[in-house]
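> Below is the file protein29.pdb, which contains PDB, C-alpha atoms.
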```pdb
ATOM      1  CA  MET Y   6      71.882 111.832  91.325
ATOM      2  CA  LEU Y   7      72.896 108.305  92.249
ATOM      3  CA  ARG Y   8      73.747 107.383  95.837
ATOM      4  CA  TRP Y   9      76.513 104.798  95.837
ATOM      5  CA  GLY Y  10      77.570 102.141  98.279
ATOM      6  CA  VAL Y  11      81.157 100.868  98.104
ATOM      7  CA  LEU Y  12      82.127  97.309  98.950
ATOM      8  CA  ALA Y  13      85.782  96.622  99.741
ATOM      9  CA  PRO Y  14      87.438 100.042  99.954
ATOM     10  CA  GLY Y  15      90.993 100.154  98.671
ATOM     11  CA  ARG Y  16      93.200 101.990  96.201
ATOM     12  CA  ILE Y  17      90.990 101.325  93.186
ATOM     13  CA  ALA Y  18      87.847 102.277  95.080
ATOM     14  CA  GLY Y  19      89.560 105.421  96.326
ATOM     15  CA  GLY Y  20      90.311 106.570  92.790
ATOM     16  CA  PHE Y  21      86.735 105.970  91.730
ATOM     17  CA  VAL Y  22      85.207 107.776  94.700
ATOM     18  CA  TRP Y  23      87.552 110.753  94.309
ATOM     19  CA  ALA Y  24      86.727 111.098  90.606
ATOM     20  CA  LEU Y  25      83.021 110.716  91.259
ATOM     21  CA  HIS Y  26      82.990 113.402  93.970
ATOM     22  CA  GLN Y  27      85.248 115.795  92.081
ATOM     23  CA  HIS Y  28      83.715 115.603  88.617
ATOM     24  CA  THR Y  29      80.069 114.499  88.963
ATOM     25  CA  ASP Y  30      77.062 115.354  91.119
ATOM     26  CA  GLN Y  31      76.830 111.766  92.358
ATOM     27  CA  ARG Y  32      77.828 110.858  95.882
ATOM     28  CA  VAL Y  33      78.983 107.841  97.850
ATOM     29  CA  HIS Y  34      76.566 107.367 100.708
ATOM     30  CA  ALA Y  35      77.978 104.289 102.439
ATOM     31  CA  VAL Y  36      80.997 102.001 102.608
ATOM     32  CA  ALA Y  37      81.606  98.544 104.050
ATOM     33  CA  SER Y  38      84.693  96.412 104.563
ATOM     34  CA  ARG Y  39      85.635  93.201 106.334
ATOM     35  CA  ASP Y  40      87.870  95.497 108.405
ATOM     36  CA  PRO Y  41      85.658  98.117 110.134
ATOM     37  CA  GLU Y  42      88.636 100.362 110.893
ATOM     38  CA  ARG Y  43      89.613 100.384 107.238
ATOM     39  CA  ALA Y  44      86.071 101.334 106.256
ATOM     40  CA  SER Y  45      86.038 104.134 108.832
ATOM     41  CA  ARG Y  46      89.342 105.546 107.557
ATOM     42  CA  PHE Y  47      88.080 105.401 103.980
ATOM     43  CA  ALA Y  48      84.851 107.159 104.952
ATOM     44  CA  ALA Y  49      86.737 109.915 106.755
ATOM     45  CA  GLN Y  50      89.125 110.408 103.837
ATOM     46  CA  TYR Y  51      86.404 110.745 101.216
ATOM     47  CA  GLY Y  52      83.588 112.321 103.226
ATOM     48  CA  ILE Y  53      81.297 109.296 103.196
ATOM     49  CA  PRO Y  54      78.537 109.678 105.818
ATOM     50  CA  ARG Y  55      77.750 106.051 106.622
ATOM     51  CA  VAL Y  56      79.927 103.054 107.524
ATOM     52  CA  HIS Y  57      78.352  99.602 107.650
ATOM     53  CA  ALA Y  58      79.670  96.719 109.721
ATOM     54  CA  SER Y  59      79.090  94.173 106.948
ATOM     55  CA  TYR Y  60      78.501  93.871 103.228
ATOM     56  CA  GLU Y  61      75.042  92.502 103.984
ATOM     57  CA  GLN Y  62      74.103  95.647 105.917
ATOM     58  CA  LEU Y  63      75.260  97.896 103.112
ATOM     59  CA  VAL Y  64      73.248  96.193 100.377
ATOM     60  CA  ARG Y  65      70.150  96.439 102.586
ATOM     61  CA  ASP Y  66      70.627 100.191 103.111
ATOM     62  CA  PRO Y  67      67.497 101.860 101.646
ATOM     63  CA  ASP Y  68      69.496 105.013 100.898
ATOM     64  CA  VAL Y  69      71.894 103.199  98.544
ATOM     65  CA  ASP Y  70      70.836 103.131  94.891
ATOM     66  CA  ILE Y  71      73.800 101.273  93.400
ATOM     67  CA  VAL Y  72      76.636  99.154  94.759
ATOM     68  CA  TYR Y  73      80.213  99.436  93.500
ATOM     69  CA  VAL Y  74      82.167  96.200  93.961
ATOM     70  CA  ALA Y  75      85.905  96.909  94.248
ATOM     71  CA  SER Y  76      87.078  93.701  95.899
ATOM     72  CA  PRO Y  77      89.694  91.233  94.600
ATOM     73  CA  HIS Y  78      88.572  89.343  91.501
ATOM     74  CA  SER Y  79      87.760  86.208  93.470
ATOM     75  CA  GLU Y  80      84.977  88.060  95.314
ATOM     76  CA  HIS Y  81      83.305  89.762  92.357
ATOM     77  CA  LYS Y  82      80.659  87.148  91.720
ATOM     78  CA  ARG Y  83      79.703  86.658  95.357
ATOM     79  CA  GLN Y  84      79.438  90.359  96.120
ATOM     80  CA  ALA Y  85      77.653  91.179  92.866
ATOM     81  CA  LEU Y  86      75.060  88.490  93.539
ATOM     82  CA  LEU Y  87      74.667  89.777  97.104
ATOM     83  CA  ALA Y  88      73.825  93.265  95.838
ATOM     84  CA  ILE Y  89      71.577  91.976  93.069
ATOM     85  CA  ALA Y  90      69.632  89.777  95.505
ATOM     86  CA  ALA Y  91      68.981  92.904  97.576
ATOM     87  CA  GLY Y  92      67.539  94.641  94.513
ATOM     88  CA  LYS Y  93      70.456  97.005  94.009
ATOM     89  CA  HIS Y  94      71.992  98.123  90.760
ATOM     90  CA  VAL Y  95      75.633  97.061  90.579
ATOM     91  CA  LEU Y  96      78.891  98.198  89.001
ATOM     92  CA  VAL Y  97      81.586  95.524  89.288
ATOM     93  CA  GLU Y  98      85.262  96.320  88.848
ATOM     94  CA  LYS Y  99      86.893  94.679  85.884
ATOM     95  CA  PRO Y 100      87.024  91.827  85.254
ATOM     96  CA  LEU Y 101      83.341  91.182  85.836
ATOM     97  CA  ALA Y 102      84.229  87.802  87.330
ATOM     98  CA  LEU Y 103      86.971  85.178  87.468
ATOM     99  CA  ASN Y 104      85.793  83.525  84.258
ATOM    100  CA  ALA Y 105      83.050  83.563  81.667
ATOM    101  CA  ALA Y 106      80.894  81.037  83.553
ATOM    102  CA  GLU Y 107      80.791  83.260  86.637
ATOM    103  CA  ALA Y 108      80.055  86.283  84.466
ATOM    104  CA  ARG Y 109      77.087  84.491  82.948
ATOM    105  CA  ASP Y 110      75.777  83.806  86.467
ATOM    106  CA  ILE Y 111      75.937  87.521  87.267
ATOM    107  CA  ALA Y 112      74.192  88.418  84.005
ATOM    108  CA  ARG Y 113      71.387  85.912  84.595
ATOM    109  CA  ALA Y 114      70.834  87.138  88.147
ATOM    110  CA  ALA Y 115      70.754  90.805  87.164
ATOM    111  CA  ARG Y 116      68.314  90.203  84.315
ATOM    112  CA  ALA Y 117      66.051  88.101  86.536
ATOM    113  CA  ALA Y 118      66.066  90.809  89.231
ATOM    114  CA  ASN Y 119      65.582  93.597  86.667
ATOM    115  CA  VAL Y 120      68.493  95.650  88.002
ATOM    116  CA  PHE Y 121      71.265  97.441  86.151
ATOM    117  CA  ALA Y 122      74.592  95.608  86.052
ATOM    118  CA  MET Y 123      77.842  96.499  84.320
ATOM    119  CA  GLU Y 124      81.534  95.740  84.387
ATOM    120  CA  ALA Y 125      83.610  98.810  85.286
ATOM    121  CA  LEU Y 126      85.634  98.834  82.059
ATOM    122  CA  TRP Y 127      86.135 102.588  82.373
ATOM    123  CA  SER Y 128      88.212 103.002  79.199
ATOM    124  CA  ARG Y 129      85.097 102.246  77.144
ATOM    125  CA  PHE Y 130      83.531 105.544  78.216
ATOM    126  CA  LEU Y 131      86.469 107.891  77.649
ATOM    127  CA  PRO Y 132      86.017 110.631  75.010
ATOM    128  CA  GLN Y 133      88.817 109.213  72.859
ATOM    129  CA  THR Y 134      87.111 105.815  72.757
ATOM    130  CA  LEU Y 135      83.829 107.334  71.614
ATOM    131  CA  LEU Y 136      85.661 109.256  68.881
ATOM    132  CA  ILE Y 137      87.628 106.197  67.765
ATOM    133  CA  GLU Y 138      84.387 104.250  67.574
ATOM    134  CA  ARG Y 139      82.950 106.950  65.309
ATOM    135  CA  LEU Y 140      86.028 106.909  63.050
ATOM    136  CA  LEU Y 141      85.720 103.146  62.727
ATOM    137  CA  ARG Y 142      81.998 103.351  62.013
ATOM    138  CA  ASP Y 143      82.546 106.021  59.351
ATOM    139  CA  GLY Y 144      85.227 103.938  57.639
ATOM    140  CA  VAL Y 145      87.973 106.541  58.061
ATOM    141  CA  LEU Y 146      90.599 103.855  58.693
ATOM    142  CA  GLY Y 147      89.338 101.557  55.951
ATOM    143  CA  ASP Y 148      89.393  97.806  56.504
ATOM    144  CA  ILE Y 149      91.133  97.084  59.793
ATOM    145  CA  ARG Y 150      94.030  94.701  59.402
ATOM    146  CA  LEU Y 151      95.801  94.962  62.744
ATOM    147  CA  VAL Y 152      95.280  95.948  66.357
ATOM    148  CA  ALA Y 153      98.459  95.965  68.428
ATOM    149  CA  ALA Y 154      98.393  96.847  72.129
ATOM    150  CA  ASP Y 155     100.344  96.162  75.284
ATOM    151  CA  PHE Y 156     100.085  96.820  78.985
ATOM    152  CA  GLY Y 157     102.925  95.797  81.248
ATOM    153  CA  GLY Y 158     104.092  96.945  84.645
ATOM    154  CA  ARG Y 159     106.724  95.914  87.175
ATOM    155  CA  PHE Y 160     104.877  94.622  90.234
ATOM    156  CA  ASP Y 161     106.624  93.874  93.515
ATOM    157  CA  PHE Y 162     106.267  90.190  94.205
ATOM    158  CA  ASP Y 163     103.917  89.364  97.076
ATOM    159  CA  PRO Y 164     102.631  85.775  97.035
ATOM    160  CA  GLU Y 165      99.722  86.749  99.300
ATOM    161  CA  GLY Y 166      98.811  89.928  97.422
ATOM    162  CA  ARG Y 167      95.961  90.361  94.988
ATOM    163  CA  VAL Y 168      98.127  90.339  91.848
ATOM    164  CA  PHE Y 169     100.052  87.092  92.515
ATOM    165  CA  ASN Y 170      97.726  85.030  94.693
ATOM    166  CA  PRO Y 171      95.778  82.457  92.627
ATOM    167  CA  ALA Y 172      93.098  82.284  95.325
ATOM    168  CA  LEU Y 173      92.367  85.977  94.713
ATOM    169  CA  GLY Y 174      92.260  85.688  90.933
ATOM    170  CA  GLY Y 175      95.810  86.897  90.388
ATOM    171  CA  GLY Y 176      97.649  87.121  87.095
ATOM    172  CA  ALA Y 177      98.434  89.635  84.393
ATOM    173  CA  LEU Y 178      95.572  88.768  82.051
ATOM    174  CA  LEU Y 179      92.720  89.450  84.459
ATOM    175  CA  ASP Y 180      94.362  92.467  86.051
ATOM    176  CA  ILE Y 181      95.906  94.516  83.237
ATOM    177  CA  GLY Y 182      95.859  92.316  80.144
ATOM    178  CA  ILE Y 183      92.125  92.868  79.932
ATOM    179  CA  TYR Y 184      92.765  96.361  78.507
ATOM    180  CA  PRO Y 185      94.591  95.299  75.315
ATOM    181  CA  ILE Y 186      92.080  92.474  74.876
ATOM    182  CA  TRP Y 187      89.172  94.881  75.313
ATOM    183  CA  LEU Y 188      90.590  97.183  72.632
ATOM    184  CA  ALA Y 189      90.872  94.298  70.181
ATOM    185  CA  HIS Y 190      87.280  93.287  70.928
ATOM    186  CA  LEU Y 191      86.117  96.887  70.476
ATOM    187  CA  VAL Y 192      87.710  97.164  67.034
ATOM    188  CA  LEU Y 193      87.451  93.636  65.646
ATOM    189  CA  GLY Y 194      84.958  91.855  67.891
ATOM    190  CA  PRO Y 195      85.401  88.567  69.761
ATOM    191  CA  PRO Y 196      87.978  86.382  67.996
ATOM    192  CA  PRO Y 197      87.187  82.919  66.675
ATOM    193  CA  HIS Y 198      90.800  81.888  67.312
ATOM    194  CA  VAL Y 199      93.087  82.689  70.255
ATOM    195  CA  HIS Y 200      96.727  81.656  70.480
ATOM    196  CA  ALA Y 201      98.607  82.434  73.694
ATOM    197  CA  THR Y 202     102.121  81.911  74.946
ATOM    198  CA  GLY Y 203     103.848  83.203  78.031
ATOM    199  CA  SER Y 204     105.183  82.407  81.477
ATOM    200  CA  LEU Y 205     103.876  81.789  84.960
ATOM    201  CA  THR Y 206     104.929  83.265  88.284
ATOM    202  CA  GLN Y 207     106.207  81.261  91.245
ATOM    203  CA  THR Y 208     102.642  81.134  92.525
ATOM    204  CA  GLY Y 209     101.360  79.645  89.267
ATOM    205  CA  VAL Y 210      99.432  82.634  87.900
ATOM    206  CA  ASP Y 211     100.086  84.043  84.434
ATOM    207  CA  GLY Y 212     102.890  86.569  84.747
ATOM    208  CA  GLN Y 213     103.406  87.346  81.088
ATOM    209  CA  ALA Y 214     101.366  86.571  77.998
ATOM    210  CA  ALA Y 215     101.462  87.293  74.289
ATOM    211  CA  LEU Y 216      98.228  86.718  72.398
ATOM    212  CA  VAL Y 217      97.475  86.474  68.696
ATOM    213  CA  LEU Y 218      93.783  86.821  67.898
ATOM    214  CA  THR Y 219      92.824  85.912  64.339
ATOM    215  CA  TYR Y 220      89.661  86.752  62.411
ATOM    216  CA  PRO Y 221      87.967  85.244  59.323
ATOM    217  CA  GLN Y 222      88.918  88.061  56.915
ATOM    218  CA  GLY Y 223      92.582  87.890  57.916
ATOM    219  CA  ALA Y 224      92.716  90.685  60.464
ATOM    220  CA  GLN Y 225      94.840  90.075  63.552
ATOM    221  CA  ALA Y 226      95.314  91.458  67.047
ATOM    222  CA  LEU Y 227      98.785  91.237  68.585
ATOM    223  CA  LEU Y 228      98.497  91.776  72.329
ATOM    224  CA  HIS Y 229     100.905  91.616  75.237
ATOM    225  CA  THR Y 230     100.791  91.930  79.003
ATOM    226  CA  THR Y 231     103.301  91.361  81.796
ATOM    227  CA  LEU Y 232     103.822  91.774  85.524
ATOM    228  CA  PHE Y 233     107.599  91.676  85.086
ATOM    229  CA  ALA Y 234     108.465  94.983  83.354
ATOM    230  CA  GLU Y 235     107.028  98.376  82.505
ATOM    231  CA  THR Y 236     106.172  98.498  78.803
ATOM    232  CA  PRO Y 237     105.228 101.435  76.523
ATOM    233  CA  GLN Y 238     101.499 100.770  77.119
ATOM    234  CA  GLU Y 239     100.681 101.949  73.624
ATOM    235  CA  ALA Y 240      98.192 100.803  71.025
ATOM    236  CA  VAL Y 241      97.856 100.966  67.242
ATOM    237  CA  ILE Y 242      94.871 100.393  64.991
ATOM    238  CA  ALA Y 243      95.971  99.943  61.379
ATOM    239  CA  GLY Y 244      93.592  99.995  58.442
ATOM    240  CA  THR Y 245      93.872 100.117  54.680
ATOM    241  CA  HIS Y 246      93.223 103.896  54.627
ATOM    242  CA  ALA Y 247      94.883 105.133  57.810
ATOM    243  CA  ARG Y 248      96.694 104.198  60.999
ATOM    244  CA  LEU Y 249      95.637 105.395  64.449
ATOM    245  CA  GLN Y 250      98.347 105.557  67.130
ATOM    246  CA  LEU Y 251      97.079 105.957  70.697
ATOM    247  CA  ASP Y 252      99.237 107.690  73.281
ATOM    248  CA  SER Y 253     101.012 105.788  76.018
ATOM    249  CA  ARG Y 254      98.630 104.588  78.717
ATOM    250  CA  PHE Y 255      96.034 104.229  76.000
ATOM    251  CA  PHE Y 256      93.436 103.085  78.531
ATOM    252  CA  THR Y 257      93.409 106.484  80.333
ATOM    253  CA  PRO Y 258      92.320 109.951  79.128
ATOM    254  CA  GLY Y 259      94.726 111.046  76.437
ATOM    255  CA  GLY Y 260      94.929 111.404  72.706
ATOM    256  CA  PHE Y 261      95.916 109.841  69.433
ATOM    257  CA  THR Y 262      97.509 110.582  66.065
ATOM    258  CA  LEU Y 263      95.797 109.640  62.827
ATOM    259  CA  LYS Y 264      98.100 109.139  59.835
ATOM    260  CA  ALA Y 265      96.837 108.602  56.309
ATOM    261  CA  ALA Y 266      98.212 105.621  54.414
ATOM    262  CA  ARG Y 267     100.970 106.381  51.888
ATOM    263  CA  SER Y 268     100.940 110.020  52.912
ATOM    264  CA  ASP Y 269     102.653 112.339  55.399
ATOM    265  CA  GLN Y 270      99.293 113.818  56.394
ATOM    266  CA  ARG Y 271      98.709 113.563  60.127
ATOM    267  CA  LEU Y 272      95.881 114.694  62.388
ATOM    268  CA  ARG Y 273      96.336 115.047  66.131
ATOM    269  CA  TRP Y 274      93.535 114.806  68.717
ATOM    270  CA  THR Y 275      93.868 115.354  72.480
ATOM    271  CA  ASP Y 276      91.140 114.942  75.079
ATOM    272  CA  PRO Y 277      89.830 118.488  75.707
ATOM    273  CA  SER Y 278      88.224 117.635  79.062
ATOM    274  CA  GLY Y 279      91.445 118.210  80.992
ATOM    275  CA  LEU Y 280      90.957 115.037  83.023
ATOM    276  CA  HIS Y 281      94.024 112.925  83.661
ATOM    277  CA  GLY Y 282      94.682 109.416  84.922
ATOM    278  CA  SER Y 283      92.035 108.026  87.245
ATOM    279  CA  GLU Y 284      90.033 111.240  86.954
ATOM    280  CA  GLY Y 285      88.705 109.605  83.798
ATOM    281  CA  LEU Y 286      86.700 107.224  85.984
ATOM    282  CA  ALA Y 287      84.146 110.040  86.164
ATOM    283  CA  TRP Y 288      83.052 109.333  82.581
ATOM    284  CA  GLN Y 289      82.057 105.825  83.609
ATOM    285  CA  ALA Y 290      80.016 107.090  86.559
ATOM    286  CA  VAL Y 291      78.231 109.630  84.362
ATOM    287  CA  ALA Y 292      77.388 106.924  81.826
ATOM    288  CA  VAL Y 293      75.999 104.599  84.502
ATOM    289  CA  ALA Y 294      73.795 107.354  85.928
ATOM    290  CA  SER Y 295      72.552 108.226  82.451
ATOM    291  CA  HIS Y 296      71.741 104.603  81.605
ATOM    292  CA  ILE Y 297      69.818 104.081  84.843
ATOM    293  CA  ALA Y 298      67.920 107.362  84.405
ATOM    294  CA  GLU Y 299      66.870 106.118  80.958
ATOM    295  CA  GLY Y 300      65.524 102.916  82.492
ATOM    296  CA  LEU Y 301      68.217 100.719  80.955
ATOM    297  CA  ARG Y 302      69.391  97.576  82.702
ATOM    298  CA  GLU Y 303      72.610  97.199  80.704
ATOM    299  CA  SER Y 304      74.941  99.660  79.044
ATOM    300  CA  PRO Y 305      74.492  99.831  75.270
ATOM    301  CA  LEU Y 306      78.203 100.708  75.069
ATOM    302  CA  HIS Y 307      79.441  97.864  77.259
ATOM    303  CA  PRO Y 308      76.674  95.280  77.701
ATOM    304  CA  LEU Y 309      77.145  92.175  79.780
ATOM    305  CA  GLU Y 310      77.631  89.978  76.710
ATOM    306  CA  ARG Y 311      80.761  92.010  75.877
ATOM    307  CA  SER Y 312      82.126  91.335  79.366
ATOM    308  CA  ILE Y 313      81.391  87.633  78.964
ATOM    309  CA  ALA Y 314      83.151  87.610  75.581
ATOM    310  CA  LEU Y 315      86.225  89.282  77.086
ATOM    311  CA  LEU Y 316      86.413  86.588  79.729
ATOM    312  CA  GLU Y 317      85.993  83.854  77.119
ATOM    313  CA  THR Y 318      89.131  85.144  75.406
ATOM    314  CA  ILE Y 319      90.970  85.390  78.726
ATOM    315  CA  ASP Y 320      89.763  81.909  79.729
ATOM    316  CA  SER Y 321      91.225  80.490  76.516
ATOM    317  CA  ALA Y 322      94.553  82.268  76.987
ATOM    318  CA  ARG Y 323      94.892  81.250  80.632
ATOM    319  CA  GLU Y 324      94.073  77.627  79.852
ATOM    320  CA  GLN Y 325      96.697  77.545  77.108
ATOM    321  CA  LEU Y 326      99.339  78.903  79.487
ATOM    322  CA  ARG Y 327      98.403  76.445  82.232
ATOM    323  CA  SER Y 328      98.410  73.462  79.887
ATOM    324  CA  ALA Y 329     101.656  74.374  78.131
ATOM    325  CA  GLY Y 330     103.696  72.564  80.765
ATOM    326  CA  PRO Y 331     107.420  73.342  80.780
ATOM    327  CA  SER Y 332     107.094  75.685  77.782
ATOM    328  CA  ALA Y 333     105.129  78.083  79.975
ATOM    329  CA  HIS Y 334     108.171  78.513  82.202
ATOM    330  CA  ARG Y 335     107.940  79.942  85.669
ATOM    331  CA  HIS Y 336     109.463  83.359  86.165
ATOM    332  CA  LEU Y 337     111.440  83.606  89.396
ATOM    333  CA  PHE Y 338     111.298  86.993  91.034
ATOM    334  CA  THR Y 339     114.182  88.635  92.841
ATOM    335  CA  ARG Y 340     113.406  91.121  95.515
TER     336      ARG Y 340
END
```
Written as structure tokens, how would this file's structure read?

Amino acid sequence: MLRWGVLAPGRIAGGFVWALHQHTDQRVHAVASRDPERASRFAAQYGIPRVHASYEQLVRDPDVDIVYVASPHSEHKRQALLAIAAGKHVLVEKPLALNAAEARDIARAARAANVFAMEALWSRFLPQTLLIERLLRDGVLGDIRLVAADFGGRFDFDPEGRVFNPALGGGALLDIGIYPIWLAHLVLGPPPHVHATGSLTQTGVDGQAALVLTYPQGAQALLHTTLFAETPQEAVIAGTHARLQLDSRFFTPGGFTLKAARSDQRLRWTDPSGLHGSEGLAWQAVAVASHIAEGLRESPLHPLERSIALLETIDSAREQLRSAGPSAHRHLFTR
């Protein structure tokens, strides 16, 4: 049983802690925040026995086995390195860092300290993902020609908030666009070519982006993300033998339909666990505990190099949007 410490309690951390307590035998032992009252409220809400006055105190707590970093993206590297320097295992909310260079710093530090480190890309550990991976490995879909995925939501504009503030690592790509990109990487691997177009928000972060990832054998990934509108949040993997259609909110526990090519034959699969929404975060916690119990220092399912590769793709897309000038027009929000 792992004893967790939580840095930066908020909505995302709350979902993780609830899932962990409800669906695993692991427990959160301590929490710390820059706002002590916020940490105390979080501890009372989720039954956490210890509140620390600082992040530094929490990572030095001898009763904490692993630190969960749930802060804004801009703080991921600093807080991950703080935990690693204290000899703690660490799970860092996605994205692992603001960019690939920062992610490499985290990976180097964790390997040097011989501690477990992983990006909290929870969708990778869902039952449907493991089954899809098996179908791909067994060649059920044939040669993959296309991955299409989108994740868009309508976010209320707050220039100081995490999603829109450039100082906090705001933007669609790092926050929600990472899920379509991750799926493309899972199926086709890191792309040698990335083409991105889109628009910026008033604060200068990427508000909407469409990506085309191209691969040597001609396969493509067509990906989309936006902060401006709620989209279907669906995904398709199309191969020469069959097409796999994931349900809406493809990044959460759900199901998919497998349709044979040039045939009406369809197979339907639905997650039998009964977990819904953020309850699926429990699968990630179980995987982390299993990896650490086995003496692993990275997840074989989602190693640090995969997180770095994701950020390399995002880095390329963000740079293209920033350098596009007037063609990457700014989207003006209305309240």
> Just to confirm, what's the straight-line distance from CA of Gln289 in chain Y to CA of Leu25 in chain Y in Å (one decimal)?
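The value is 9.1 Å.
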> Decode the PyMOL selection byres ((chain Y and resi 246) around 6) for the given file into explicit residues and return them as a PyMOL selection string.
chain Y and resi 146-147+244-245+247+266
> Next, the residues of the selection above should be written as an mmCIF file, in the frame of the given file with C-alpha atoms.

```cif
data_model
loop_
_atom_site.group_PDB
_atom_site.id
_atom_site.type_symbol
_atom_site.label_atom_id
_atom_site.label_comp_id
_atom_site.auth_asym_id
_atom_site.auth_seq_id
_atom_site.Cartn_x
_atom_site.Cartn_y
_atom_site.Cartn_z
ATOM 1 C CA LEU Y 146 90.599 103.855 58.693
ATOM 2 C CA GLY Y 147 89.338 101.557 55.951
ATOM 3 C CA GLY Y 244 93.592 99.995 58.442
ATOM 4 C CA THR Y 245 93.872 100.117 54.680
ATOM 5 C CA ALA Y 247 94.883 105.133 57.810
ATOM 6 C CA ALA Y 266 98.212 105.621 54.414
#
```
> For range 210-225 of chain Y, find every residue with an atom within 10 Å (counting all atoms listed in the file), except residues of its own chain fewer than 3 positions away, and show them as a PyMOL selection string.
chain Y and resi 148-153+155+157+160+168-172+174-179+182+185-186+189-190+193-207+228-234+243-244+318-319+322-324+326-327+333-336
> List the residues matched by the PyMOL selection byres ((chain Y and resi 88) around 12) in the displayed structure as a PyMOL selection string, ordered by chain and then by residue number.
chain Y and resi 9-12+60-66+69-74+81-87+89-97+111+114-115+118+120-122
> For the structure shown, which residues end up in the PyMOL selection byres ((chain Y and resi 54) around 10)? Put them as a CSV table (one decimal) with C-alpha atoms, keeping the file's coordinate frame, please?

```csv
chain,number,residue,atom,x,y,z
Y,33,VAL,CA,79.0,107.8,97.8
Y,34,HIS,CA,76.6,107.4,100.7
Y,35,ALA,CA,78.0,104.3,102.4
Y,36,VAL,CA,81.0,102.0,102.6
Y,45,SER,CA,86.0,104.1,108.8
Y,48,ALA,CA,84.9,107.2,105.0
Y,49,ALA,CA,86.7,109.9,106.8
Y,51,TYR,CA,86.4,110.7,101.2
Y,52,GLY,CA,83.6,112.3,103.2
Y,53,ILE,CA,81.3,109.3,103.2
Y,55,ARG,CA,77.8,106.1,106.6
Y,56,VAL,CA,79.9,103.1,107.5
```
> Mind pulling up the distance from CA of Ala13 in chain Y to CA of Ser38 in chain Y?
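For CA of Ser38 in chain Y relative to CA of Ala13 in chain Y, the distance reads 4.9 Å.
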> What does the structure give for the distance between CA of Leu101 in chain Y and CA of Ser312 in chain Y, in Å to one decimal?
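A separation of 6.6 Å between them.
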> List every residue of range 132-189 of chain Y that has an atom at most 12 Å from any atom of range 253-259 of chain Y, giving for each one its closest atom pair and the distance in Å to one decimal, counting all atoms listed in the file, sorted by chain and then by ascending residue number, as JSON lines.

```
{"residue": "Y:Pro132", "atom": "CA", "partner": "Y:Pro258", "partner_atom": "CA", "distance": 7.6}
{"residue": "Y:Gln133", "atom": "CA", "partner": "Y:Gly259", "partner_atom": "CA", "distance": 7.1}
{"residue": "Y:Thr134", "atom": "CA", "partner": "Y:Phe256", "partner_atom": "CA", "distance": 9.0}
{"residue": "Y:Leu135", "atom": "CA", "partner": "Y:Pro258", "partner_atom": "CA", "distance": 11.6}
{"residue": "Y:Leu136", "atom": "CA", "partner": "Y:Gly259", "partner_atom": "CA", "distance": 11.9}
{"residue": "Y:Ile137", "atom": "CA", "partner": "Y:Phe255", "partner_atom": "CA", "distance": 11.9}
{"residue": "Y:Ala153", "atom": "CA", "partner": "Y:Phe255", "partner_atom": "CA", "distance": 11.5}
{"residue": "Y:Ala154", "atom": "CA", "partner": "Y:Phe255", "partner_atom": "CA", "distance": 8.7}
{"residue": "Y:Asp155", "atom": "CA", "partner": "Y:Phe255", "partner_atom": "CA", "distance": 9.2}
{"residue": "Y:Phe156", "atom": "CA", "partner": "Y:Arg254", "partner_atom": "CA", "distance": 7.9}
{"residue": "Y:Gly157", "atom": "CA", "partner": "Y:Arg254", "partner_atom": "CA", "distance": 10.1}
{"residue": "Y:Gly158", "atom": "CA", "partner": "Y:Arg254", "partner_atom": "CA", "distance": 11.1}
{"residue": "Y:Ile181", "atom": "CA", "partner": "Y:Phe256", "partner_atom": "CA", "distance": 10.1}
{"residue": "Y:Gly182", "atom": "CA", "partner": "Y:Phe256", "partner_atom": "CA", "distance": 11.2}
{"residue": "Y:Ile183", "atom": "CA", "partner": "Y:Phe256", "partner_atom": "CA", "distance": 10.4}
{"residue": "Y:Tyr184", "atom": "CA", "partner": "Y:Phe256", "partner_atom": "CA", "distance": 6.8}
{"residue": "Y:Pro185", "atom": "CA", "partner": "Y:Phe256", "partner_atom": "CA", "distance": 8.5}
{"residue": "Y:Ile186", "atom": "CA", "partner": "Y:Phe256", "partner_atom": "CA", "distance": 11.3}
{"residue": "Y:Trp187", "atom": "CA", "partner": "Y:Phe256", "partner_atom": "CA", "distance": 9.8}
{"residue": "Y:Leu188", "atom": "CA", "partner": "Y:Phe256", "partner_atom": "CA", "distance": 8.8}
```
> With all atoms listed in the file as the basis for distance, which of Y:Ala292, Y:Met6, Y:Leu140, Y:Leu315 is at the shortest distance from Ile242 in chain Y?
Y:Leu140
> Of the residues Y:Ala58, Y:Ala37, Y:Ala75, Y:Leu301, which is the one nearest to Ile17 in chain Y, using all atoms listed in the file?
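Closest to Ile17 in chain Y of all the choices is Y:Ala75.
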> Using all atoms listed in the file for the distances, tell me which of Y:Arg142, Y:His281, Y:Arg311, Y:Arg43 is nearest to Arg16 in chain Y.
Y:Arg43
> Grab all the atoms of range 236-247 of chain Y that the file lists, wrap them in a box along x, y and z, add 3 Å per side, and give me centre plus edge lengths in Å (one decimal) as JSON.

```
{"center_x": 99.7, "center_y": 101.8, "center_z": 66.7, "size_x": 18.9, "size_y": 12.6, "size_z": 30.2}
```
> Which one is closest to Arg113 in chain Y: Y:Pro41, Y:Glu310, Y:Glu80, Y:Pro14? Count all atoms listed in the file.
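Looking at the shortest contact to Arg113 in chain Y, the residue is Y:Glu310.
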> If I put a ball of radius 6 Å at (73.6, 110.3, 92.4) in the file's coordinates, which residues poke into it when counting only C-alpha atoms, written as a VMD selection string?
chain Y and resid 6 to 8 31 to 32
> Compile the contact shell of Gly20 in chain Y as a ChimeraX atom specification: residues with an atom at most 9 Å away, counting only C-alpha atoms, same-chain residues fewer than 6 positions apart removed.
/Y:283-284,286
> Measuring atom to atom with only C-alpha atoms, identify which of Y:Gly209, Y:Ser295, Y:Pro67, Y:Arg139 is nearest to Ser328 in chain Y.
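Among Y:Gly209, Y:Ser295, Y:Pro67, Y:Arg139, it is Y:Gly209 that comes nearest to Ser328 in chain Y.
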